$ cat my_file.cif   # mmCIF, N, CA and C atoms
data_final
#
loop_
_atom_site.label_atom_id
_atom_site.label_comp_id
_atom_site.auth_asym_id
_atom_site.auth_seq_id
_atom_site.Cartn_x
_atom_site.Cartn_y
_atom_site.Cartn_z
N MET A 6 7.70 -33.55 -32.82
CA MET A 6 6.62 -34.01 -31.99
C MET A 6 5.85 -35.08 -32.78
N ALA A 7 5.70 -36.19 -32.19
CA ALA A 7 5.04 -37.31 -32.86
C ALA A 7 3.53 -37.16 -32.74
N LYS A 8 2.81 -37.85 -33.63
CA LYS A 8 1.36 -37.81 -33.66
C LYS A 8 0.76 -38.36 -32.37
N LYS A 9 1.45 -39.31 -31.73
CA LYS A 9 0.90 -39.92 -30.51
C LYS A 9 0.99 -38.98 -29.31
N ASP A 10 1.80 -37.88 -29.39
CA ASP A 10 1.91 -36.92 -28.30
C ASP A 10 0.77 -35.91 -28.28
N LEU A 11 -0.13 -35.96 -29.27
CA LEU A 11 -1.22 -35.00 -29.36
C LEU A 11 -2.53 -35.65 -28.93
N ASN A 12 -3.39 -34.85 -28.29
CA ASN A 12 -4.70 -35.35 -27.92
C ASN A 12 -5.65 -35.13 -29.11
N PRO A 13 -6.91 -35.56 -29.02
CA PRO A 13 -7.82 -35.45 -30.17
C PRO A 13 -8.01 -34.01 -30.68
N GLU A 14 -7.85 -32.99 -29.82
CA GLU A 14 -8.01 -31.60 -30.26
C GLU A 14 -6.75 -31.09 -30.93
N GLY A 15 -5.69 -31.86 -30.96
CA GLY A 15 -4.45 -31.44 -31.59
C GLY A 15 -3.50 -30.73 -30.65
N LYS A 16 -3.80 -30.73 -29.38
CA LYS A 16 -2.92 -30.08 -28.40
C LYS A 16 -2.00 -31.12 -27.78
N LYS A 17 -0.87 -30.63 -27.25
CA LYS A 17 0.11 -31.53 -26.66
C LYS A 17 -0.44 -32.15 -25.38
N LYS A 18 -0.24 -33.44 -25.20
CA LYS A 18 -0.66 -34.11 -23.98
C LYS A 18 0.27 -33.72 -22.84
N LEU A 19 -0.29 -33.58 -21.66
CA LEU A 19 0.51 -33.24 -20.49
C LEU A 19 0.76 -34.49 -19.68
N ASP A 20 1.99 -34.70 -19.28
CA ASP A 20 2.26 -35.81 -18.38
C ASP A 20 2.20 -35.27 -16.94
N ALA A 21 2.40 -36.12 -15.96
CA ALA A 21 2.23 -35.76 -14.55
C ALA A 21 3.21 -34.66 -14.13
N SER A 22 4.45 -34.73 -14.58
CA SER A 22 5.43 -33.72 -14.15
C SER A 22 5.08 -32.34 -14.73
N ASP A 23 4.58 -32.29 -15.98
CA ASP A 23 4.16 -31.01 -16.55
C ASP A 23 2.98 -30.44 -15.77
N LEU A 24 2.06 -31.30 -15.43
CA LEU A 24 0.88 -30.88 -14.69
C LEU A 24 1.26 -30.35 -13.31
N ILE A 25 2.15 -31.03 -12.63
CA ILE A 25 2.60 -30.59 -11.30
C ILE A 25 3.31 -29.25 -11.40
N SER A 26 4.15 -29.07 -12.40
CA SER A 26 4.86 -27.80 -12.54
C SER A 26 3.89 -26.66 -12.84
N LYS A 27 2.86 -26.91 -13.65
CA LYS A 27 1.87 -25.87 -13.93
C LYS A 27 1.08 -25.51 -12.66
N ILE A 28 0.74 -26.51 -11.86
CA ILE A 28 0.03 -26.27 -10.60
C ILE A 28 0.90 -25.45 -9.67
N ASP A 29 2.18 -25.76 -9.57
CA ASP A 29 3.10 -25.00 -8.73
C ASP A 29 3.21 -23.55 -9.18
N GLU A 30 3.25 -23.32 -10.50
CA GLU A 30 3.31 -21.96 -11.02
C GLU A 30 2.06 -21.17 -10.64
N LEU A 31 0.90 -21.82 -10.77
CA LEU A 31 -0.35 -21.14 -10.43
C LEU A 31 -0.43 -20.84 -8.94
N LYS A 32 0.04 -21.76 -8.11
CA LYS A 32 0.04 -21.52 -6.66
C LYS A 32 0.95 -20.36 -6.30
N GLU A 33 2.09 -20.25 -6.95
CA GLU A 33 3.02 -19.15 -6.70
C GLU A 33 2.40 -17.82 -7.11
N LYS A 34 1.74 -17.79 -8.26
CA LYS A 34 1.08 -16.56 -8.69
C LYS A 34 -0.03 -16.16 -7.71
N GLU A 35 -0.79 -17.15 -7.26
CA GLU A 35 -1.86 -16.88 -6.31
C GLU A 35 -1.31 -16.34 -5.00
N ARG A 36 -0.19 -16.90 -4.54
CA ARG A 36 0.43 -16.44 -3.30
C ARG A 36 0.89 -14.99 -3.43
N LEU A 37 1.47 -14.64 -4.58
CA LEU A 37 1.92 -13.27 -4.80
C LEU A 37 0.75 -12.29 -4.81
N VAL A 38 -0.35 -12.67 -5.42
CA VAL A 38 -1.53 -11.81 -5.46
C VAL A 38 -2.07 -11.60 -4.05
N LYS A 39 -2.18 -12.67 -3.27
CA LYS A 39 -2.70 -12.55 -1.90
C LYS A 39 -1.78 -11.69 -1.04
N THR A 40 -0.47 -11.84 -1.22
CA THR A 40 0.48 -11.05 -0.45
C THR A 40 0.31 -9.56 -0.75
N SER A 41 0.18 -9.20 -2.02
CA SER A 41 0.01 -7.79 -2.38
C SER A 41 -1.31 -7.24 -1.85
N GLU A 42 -2.36 -8.06 -1.85
CA GLU A 42 -3.64 -7.61 -1.30
C GLU A 42 -3.53 -7.37 0.21
N ASN A 43 -2.80 -8.24 0.93
CA ASN A 43 -2.63 -8.07 2.37
C ASN A 43 -1.86 -6.80 2.69
N ILE A 44 -0.84 -6.50 1.89
CA ILE A 44 -0.05 -5.29 2.12
C ILE A 44 -0.93 -4.06 1.91
N GLU A 45 -1.76 -4.09 0.89
CA GLU A 45 -2.65 -2.96 0.62
C GLU A 45 -3.66 -2.78 1.75
N LYS A 46 -4.23 -3.87 2.25
CA LYS A 46 -5.20 -3.78 3.34
C LYS A 46 -4.54 -3.25 4.61
N ARG A 47 -3.31 -3.71 4.89
CA ARG A 47 -2.61 -3.28 6.08
C ARG A 47 -2.32 -1.78 6.00
N GLY A 48 -1.87 -1.31 4.84
CA GLY A 48 -1.61 0.11 4.66
C GLY A 48 -2.86 0.95 4.80
N ASN A 49 -3.96 0.46 4.29
CA ASN A 49 -5.23 1.15 4.41
C ASN A 49 -5.67 1.22 5.87
N SER A 50 -5.47 0.16 6.62
CA SER A 50 -5.85 0.14 8.03
C SER A 50 -5.01 1.11 8.84
N ILE A 51 -3.73 1.19 8.55
CA ILE A 51 -2.87 2.13 9.26
C ILE A 51 -3.31 3.57 8.97
N GLY A 52 -3.66 3.84 7.73
CA GLY A 52 -4.14 5.18 7.36
C GLY A 52 -5.41 5.55 8.11
N LEU A 53 -6.31 4.60 8.24
CA LEU A 53 -7.56 4.86 8.97
C LEU A 53 -7.29 5.10 10.45
N ALA A 54 -6.36 4.35 11.02
CA ALA A 54 -6.01 4.54 12.43
C ALA A 54 -5.41 5.92 12.66
N PHE A 55 -4.53 6.36 11.77
CA PHE A 55 -3.96 7.70 11.89
C PHE A 55 -5.04 8.77 11.74
N ARG A 56 -5.98 8.54 10.86
CA ARG A 56 -7.05 9.51 10.67
C ARG A 56 -7.88 9.65 11.94
N LEU A 57 -8.23 8.53 12.56
CA LEU A 57 -9.03 8.58 13.79
C LEU A 57 -8.27 9.24 14.93
N SER A 58 -6.98 8.90 15.07
CA SER A 58 -6.21 9.51 16.15
C SER A 58 -6.02 11.00 15.92
N THR A 59 -5.88 11.42 14.67
CA THR A 59 -5.75 12.84 14.36
C THR A 59 -7.04 13.59 14.70
N GLU A 60 -8.17 12.97 14.43
CA GLU A 60 -9.46 13.58 14.77
C GLU A 60 -9.54 13.84 16.27
N LEU A 61 -9.14 12.87 17.06
CA LEU A 61 -9.22 13.01 18.51
C LEU A 61 -8.24 14.07 19.02
N VAL A 62 -7.01 14.00 18.59
CA VAL A 62 -5.99 14.93 19.08
C VAL A 62 -6.29 16.36 18.64
N SER A 63 -6.77 16.54 17.42
CA SER A 63 -7.06 17.90 16.95
C SER A 63 -8.17 18.55 17.77
N GLY A 64 -9.18 17.80 18.16
CA GLY A 64 -10.24 18.35 19.01
C GLY A 64 -9.70 18.80 20.35
N ILE A 65 -8.83 18.01 20.94
CA ILE A 65 -8.25 18.36 22.24
C ILE A 65 -7.35 19.59 22.12
N VAL A 66 -6.53 19.63 21.08
CA VAL A 66 -5.61 20.76 20.90
C VAL A 66 -6.37 22.05 20.65
N VAL A 67 -7.36 22.02 19.78
CA VAL A 67 -8.13 23.24 19.49
C VAL A 67 -8.85 23.73 20.74
N GLY A 68 -9.47 22.84 21.49
CA GLY A 68 -10.14 23.24 22.72
C GLY A 68 -9.18 23.81 23.75
N SER A 69 -8.02 23.19 23.88
CA SER A 69 -7.03 23.67 24.85
C SER A 69 -6.50 25.05 24.47
N VAL A 70 -6.20 25.26 23.20
CA VAL A 70 -5.69 26.56 22.75
C VAL A 70 -6.74 27.64 22.94
N MET A 71 -7.98 27.33 22.64
CA MET A 71 -9.05 28.32 22.84
C MET A 71 -9.18 28.67 24.31
N GLY A 72 -9.19 27.68 25.18
CA GLY A 72 -9.31 27.93 26.61
C GLY A 72 -8.12 28.71 27.16
N TRP A 73 -6.93 28.35 26.74
CA TRP A 73 -5.72 29.05 27.19
C TRP A 73 -5.75 30.51 26.74
N SER A 74 -6.19 30.74 25.48
CA SER A 74 -6.26 32.10 24.95
C SER A 74 -7.26 32.96 25.73
N LEU A 75 -8.42 32.37 26.01
CA LEU A 75 -9.41 33.11 26.80
C LEU A 75 -8.89 33.40 28.21
N ASP A 76 -8.19 32.43 28.81
CA ASP A 76 -7.63 32.66 30.14
C ASP A 76 -6.60 33.79 30.13
N LYS A 77 -5.75 33.83 29.13
CA LYS A 77 -4.76 34.89 29.03
C LYS A 77 -5.43 36.25 28.83
N TRP A 78 -6.45 36.29 27.98
CA TRP A 78 -7.13 37.53 27.66
C TRP A 78 -7.93 38.08 28.85
N LEU A 79 -8.63 37.14 29.55
CA LEU A 79 -9.49 37.57 30.65
C LEU A 79 -8.82 37.47 32.02
N GLY A 80 -7.63 36.83 32.09
CA GLY A 80 -6.91 36.69 33.37
C GLY A 80 -7.62 35.76 34.34
N SER A 81 -8.22 34.72 33.87
CA SER A 81 -8.99 33.82 34.73
C SER A 81 -8.41 32.41 34.75
N GLN A 82 -7.08 32.30 34.83
CA GLN A 82 -6.46 30.98 34.80
C GLN A 82 -7.00 30.11 35.91
N PRO A 83 -7.17 28.87 35.78
CA PRO A 83 -7.17 27.95 34.64
C PRO A 83 -8.56 27.56 34.19
N TRP A 84 -9.58 28.37 34.52
CA TRP A 84 -10.96 27.92 34.34
C TRP A 84 -11.36 27.71 32.89
N PHE A 85 -11.11 28.65 32.04
CA PHE A 85 -11.47 28.47 30.63
C PHE A 85 -10.65 27.35 29.98
N PHE A 86 -9.39 27.25 30.40
CA PHE A 86 -8.57 26.17 29.86
C PHE A 86 -9.19 24.81 30.20
N LEU A 87 -9.57 24.61 31.45
CA LEU A 87 -10.17 23.33 31.86
C LEU A 87 -11.50 23.06 31.15
N ILE A 88 -12.32 24.11 31.06
CA ILE A 88 -13.63 23.93 30.43
C ILE A 88 -13.46 23.55 28.95
N PHE A 89 -12.61 24.31 28.25
CA PHE A 89 -12.44 24.05 26.82
C PHE A 89 -11.63 22.78 26.55
N PHE A 90 -10.78 22.40 27.49
CA PHE A 90 -10.06 21.12 27.36
C PHE A 90 -11.06 19.97 27.38
N ILE A 91 -11.99 20.02 28.33
CA ILE A 91 -13.02 18.97 28.43
C ILE A 91 -13.93 19.01 27.20
N LEU A 92 -14.30 20.21 26.74
CA LEU A 92 -15.11 20.31 25.52
C LEU A 92 -14.35 19.78 24.30
N GLY A 93 -13.05 20.01 24.27
CA GLY A 93 -12.21 19.50 23.17
C GLY A 93 -12.18 17.97 23.16
N ILE A 94 -12.09 17.39 24.36
CA ILE A 94 -12.12 15.92 24.45
C ILE A 94 -13.46 15.39 23.93
N ALA A 95 -14.55 16.03 24.36
CA ALA A 95 -15.88 15.60 23.91
C ALA A 95 -16.02 15.76 22.39
N ALA A 96 -15.56 16.89 21.87
CA ALA A 96 -15.66 17.12 20.42
C ALA A 96 -14.80 16.10 19.66
N GLY A 97 -13.61 15.79 20.18
CA GLY A 97 -12.75 14.80 19.54
C GLY A 97 -13.39 13.42 19.50
N ILE A 98 -13.99 13.04 20.61
CA ILE A 98 -14.65 11.72 20.66
C ILE A 98 -15.83 11.68 19.70
N ILE A 99 -16.61 12.75 19.66
CA ILE A 99 -17.75 12.80 18.73
C ILE A 99 -17.26 12.72 17.28
N ASN A 100 -16.17 13.43 16.97
CA ASN A 100 -15.62 13.37 15.61
C ASN A 100 -15.13 11.97 15.26
N VAL A 101 -14.50 11.30 16.22
CA VAL A 101 -14.03 9.94 15.97
C VAL A 101 -15.21 9.00 15.70
N ILE A 102 -16.26 9.14 16.49
CA ILE A 102 -17.44 8.29 16.30
C ILE A 102 -18.08 8.54 14.92
N LYS A 103 -18.23 9.82 14.55
CA LYS A 103 -18.80 10.14 13.24
C LYS A 103 -17.95 9.60 12.10
N THR A 104 -16.64 9.79 12.22
CA THR A 104 -15.74 9.31 11.17
C THR A 104 -15.78 7.81 11.06
N ALA A 105 -15.78 7.12 12.20
CA ALA A 105 -15.82 5.65 12.19
C ALA A 105 -17.13 5.14 11.56
N LYS A 106 -18.24 5.81 11.86
CA LYS A 106 -19.51 5.41 11.25
C LYS A 106 -19.48 5.62 9.74
N ASN A 107 -18.93 6.77 9.30
CA ASN A 107 -18.85 7.03 7.86
C ASN A 107 -17.97 6.01 7.17
N MET A 108 -16.83 5.65 7.77
CA MET A 108 -15.94 4.66 7.18
C MET A 108 -16.61 3.30 7.13
N ASN A 109 -17.38 2.97 8.16
CA ASN A 109 -18.08 1.69 8.20
C ASN A 109 -19.16 1.63 7.12
N ASN A 110 -19.85 2.75 6.89
CA ASN A 110 -20.88 2.79 5.85
C ASN A 110 -20.29 2.70 4.46
N GLU A 111 -19.07 3.25 4.26
CA GLU A 111 -18.42 3.22 2.96
C GLU A 111 -17.95 1.82 2.59
N SER A 112 -17.56 1.03 3.60
CA SER A 112 -17.04 -0.31 3.29
C SER A 112 -18.09 -1.37 3.32
#
$ encode --input "my_file.cif" --output "structure tokens"
Amino acid sequence: MAKKDLNPEGKKKLDASDLISKIDELKEKERLVKTSENIEKRGNSIGLAFRLSTELVSGIVVGSVMGWSLDKWLGSQPWFFLIFFILGIAAGIINVIKTAKNMNNES
């Protein structure tokens, strides 16, 4: 390496092609980082969606099973099933709203 290839600090001078290649390397690294962040966000969003849907479905299932059990025990088909099914839907919706608010406050 000749003396004329060094800048005043003693480092190698970069020509245009070296500079372009370094910029391309940095852009590629940045693209990889953004891609991994997007995958993580997408996975997190899917998990939250499953959590909310599970909250809703579990409320409906628990209410329906309770109503069906009471109907079988008391012989009053389908009244308790209908009442507890509707209560299960209401409880599921309330749980979804509470969970969504908590998730919104956390982020």
$ residues_near_point --input "my_file.cif" --point "(-13.5, 11.5, 14.2)" --cutoff "7 Å" --atoms "all atoms listed in the file" --output "short mmCIF file (atom, residue, chain, number, x, y, z; two decimals) with N, CA and C atoms, keeping the file's coordinate frame"
data_model
loop_
_atom_site.label_atom_id
_atom_site.label_comp_id
_atom_site.auth_asym_id
_atom_site.auth_seq_id
_atom_site.Cartn_x
_atom_site.Cartn_y
_atom_site.Cartn_z
N ARG A 56 -5.98 8.54 10.86
CA ARG A 56 -7.05 9.51 10.67
C ARG A 56 -7.88 9.65 11.94
N LEU A 57 -8.23 8.53 12.56
CA LEU A 57 -9.03 8.58 13.79
C LEU A 57 -8.27 9.24 14.93
N THR A 59 -5.88 11.42 14.67
CA THR A 59 -5.75 12.84 14.36
C THR A 59 -7.04 13.59 14.70
N GLU A 60 -8.17 12.97 14.43
CA GLU A 60 -9.46 13.58 14.77
C GLU A 60 -9.54 13.84 16.27
N LEU A 61 -9.14 12.87 17.06
CA LEU A 61 -9.22 13.01 18.51
C LEU A 61 -8.24 14.07 19.02
N GLY A 97 -13.61 15.79 20.18
CA GLY A 97 -12.75 14.80 19.54
C GLY A 97 -13.39 13.42 19.50
N ILE A 98 -13.99 13.04 20.61
CA ILE A 98 -14.65 11.72 20.66
C ILE A 98 -15.83 11.68 19.70
N ILE A 99 -16.61 12.75 19.66
CA ILE A 99 -17.75 12.80 18.73
C ILE A 99 -17.26 12.72 17.28
N ASN A 100 -16.17 13.43 16.97
CA ASN A 100 -15.62 13.37 15.61
C ASN A 100 -15.13 11.97 15.26
N VAL A 101 -14.50 11.30 16.22
CA VAL A 101 -14.03 9.94 15.97
C VAL A 101 -15.21 9.00 15.70
N ILE A 102 -16.26 9.14 16.49
CA ILE A 102 -17.44 8.29 16.30
C ILE A 102 -18.08 8.54 14.92
N LYS A 103 -18.23 9.82 14.55
CA LYS A 103 -18.80 10.14 13.24
C LYS A 103 -17.95 9.60 12.10
N THR A 104 -16.64 9.79 12.22
CA THR A 104 -15.74 9.31 11.17
C THR A 104 -15.78 7.81 11.06
N ALA A 105 -15.78 7.12 12.20
CA ALA A 105 -15.82 5.65 12.19
C ALA A 105 -17.13 5.14 11.56
#
$ closest_residue --input "my_file.cif" --among "A:Lys39, A:Lys32, A:Ser58, A:Phe86" --to "Ser74 (chain A)" --atoms "all atoms listed in the file"
A:Phe86
$ atom_distance --input "my_file.cif" --atom1 "CA of Ser63 (chain A)" --atom2 "CA of Leu87 (chain A)"
16.2 Å
$ atom_distance --input "my_file.cif" --atom1 "atom N of Ile65 (chain A)" --atom2 "CA of Lys77 (chain A)"
19.2 Å
$ atom_distance --input "my_file.cif" --atom1 "CA of Leu92 (chain A)" --atom2 "CA of Met71 (chain A)"
10.4 Å
$ residues_around --input "my_file.cif" --residues "Phe85 (chain A)" --least-positions-apart "3" --cutoff "5 Å" --atoms "all atoms listed in the file" --output "PDB file with N, CA and C atoms, in the frame of the given file"
ATOM      1  N   GLY A  72      -9.190  27.680  25.180  1.00  0.00           N
ATOM      2  CA  GLY A  72      -9.310  27.930  26.610  1.00  0.00           C
ATOM      3  C   GLY A  72      -8.120  28.710  27.160  1.00  0.00           C
ATOM      4  N   ILE A  88     -12.320  24.110  31.060  1.00  0.00           N
ATOM      5  CA  ILE A  88     -13.630  23.930  30.430  1.00  0.00           C
ATOM      6  C   ILE A  88     -13.460  23.550  28.950  1.00  0.00           C
ATOM      7  N   PHE A  89     -12.610  24.310  28.250  1.00  0.00           N
ATOM      8  CA  PHE A  89     -12.440  24.050  26.820  1.00  0.00           C
ATOM      9  C   PHE A  89     -11.630  22.780  26.550  1.00  0.00           C
TER      10      PHE A  89
END
$ decode --input "my_file.cif" --residues "region 82-105 of chain A" --atoms "N, CA and C atoms" --output "tab-separated table (two decimals), in the first residue's frame"
chain	number	residue	atom	x	y	z
A	82	GLN	N	-85.59	-28.82	29.91
A	82	GLN	CA	-85.01	-28.47	28.62
A	82	GLN	C	-85.88	-27.46	27.89
A	83	PRO	N	-85.41	-26.55	27.16
A	83	PRO	CA	-84.07	-26.02	26.94
A	83	PRO	C	-83.82	-24.71	27.67
A	84	TRP	N	-84.60	-24.42	28.72
A	84	TRP	CA	-84.59	-23.07	29.29
A	84	TRP	C	-83.26	-22.68	29.92
A	85	PHE	N	-82.72	-23.50	30.77
A	85	PHE	CA	-81.44	-23.14	31.38
A	85	PHE	C	-80.31	-23.10	30.35
A	86	PHE	N	-80.40	-24.00	29.37
A	86	PHE	CA	-79.38	-23.97	28.32
A	86	PHE	C	-79.40	-22.63	27.59
A	87	LEU	N	-80.58	-22.16	27.21
A	87	LEU	CA	-80.68	-20.88	26.50
A	87	LEU	C	-80.22	-19.70	27.37
A	88	ILE	N	-80.65	-19.72	28.64
A	88	ILE	CA	-80.28	-18.62	29.52
A	88	ILE	C	-78.76	-18.57	29.71
A	89	PHE	N	-78.17	-19.73	30.01
A	89	PHE	CA	-76.73	-19.75	30.26
A	89	PHE	C	-75.91	-19.58	28.98
A	90	PHE	N	-76.47	-19.97	27.85
A	90	PHE	CA	-75.80	-19.73	26.58
A	90	PHE	C	-75.67	-18.22	26.35
A	91	ILE	N	-76.76	-17.50	26.57
A	91	ILE	CA	-76.74	-16.04	26.40
A	91	ILE	C	-75.81	-15.40	27.43
A	92	LEU	N	-75.85	-15.89	28.68
A	92	LEU	CA	-74.92	-15.37	29.69
A	92	LEU	C	-73.46	-15.67	29.33
A	93	GLY	N	-73.23	-16.82	28.72
A	93	GLY	CA	-71.88	-17.18	28.28
A	93	GLY	C	-71.38	-16.25	27.19
A	94	ILE	N	-72.28	-15.91	26.27
A	94	ILE	CA	-71.91	-14.96	25.21
A	94	ILE	C	-71.55	-13.60	25.82
A	95	ALA	N	-72.38	-13.15	26.76
A	95	ALA	CA	-72.11	-11.85	27.42
A	95	ALA	C	-70.79	-11.90	28.19
A	96	ALA	N	-70.56	-12.99	28.92
A	96	ALA	CA	-69.32	-13.11	29.68
A	96	ALA	C	-68.11	-13.16	28.74
A	97	GLY	N	-68.24	-13.87	27.61
A	97	GLY	CA	-67.15	-13.93	26.64
A	97	GLY	C	-66.82	-12.57	26.06
A	98	ILE	N	-67.85	-11.82	25.73
A	98	ILE	CA	-67.62	-10.48	25.16
A	98	ILE	C	-66.98	-9.57	26.20
A	99	ILE	N	-67.44	-9.65	27.44
A	99	ILE	CA	-66.84	-8.83	28.50
A	99	ILE	C	-65.37	-9.21	28.70
A	100	ASN	N	-65.07	-10.51	28.68
A	100	ASN	CA	-63.68	-10.95	28.82
A	100	ASN	C	-62.81	-10.45	27.67
A	101	VAL	N	-63.35	-10.48	26.46
A	101	VAL	CA	-62.59	-10.00	25.30
A	101	VAL	C	-62.30	-8.50	25.45
A	102	ILE	N	-63.30	-7.75	25.87
A	102	ILE	CA	-63.10	-6.30	26.04
A	102	ILE	C	-62.05	-6.02	27.11
A	103	LYS	N	-62.14	-6.73	28.26
A	103	LYS	CA	-61.15	-6.53	29.32
A	103	LYS	C	-59.75	-6.89	28.86
A	104	THR	N	-59.63	-8.02	28.17
A	104	THR	CA	-58.32	-8.46	27.70
A	104	THR	C	-57.75	-7.48	26.69
A	105	ALA	N	-58.60	-7.00	25.77
A	105	ALA	CA	-58.13	-6.04	24.76
A	105	ALA	C	-57.66	-4.73	25.42
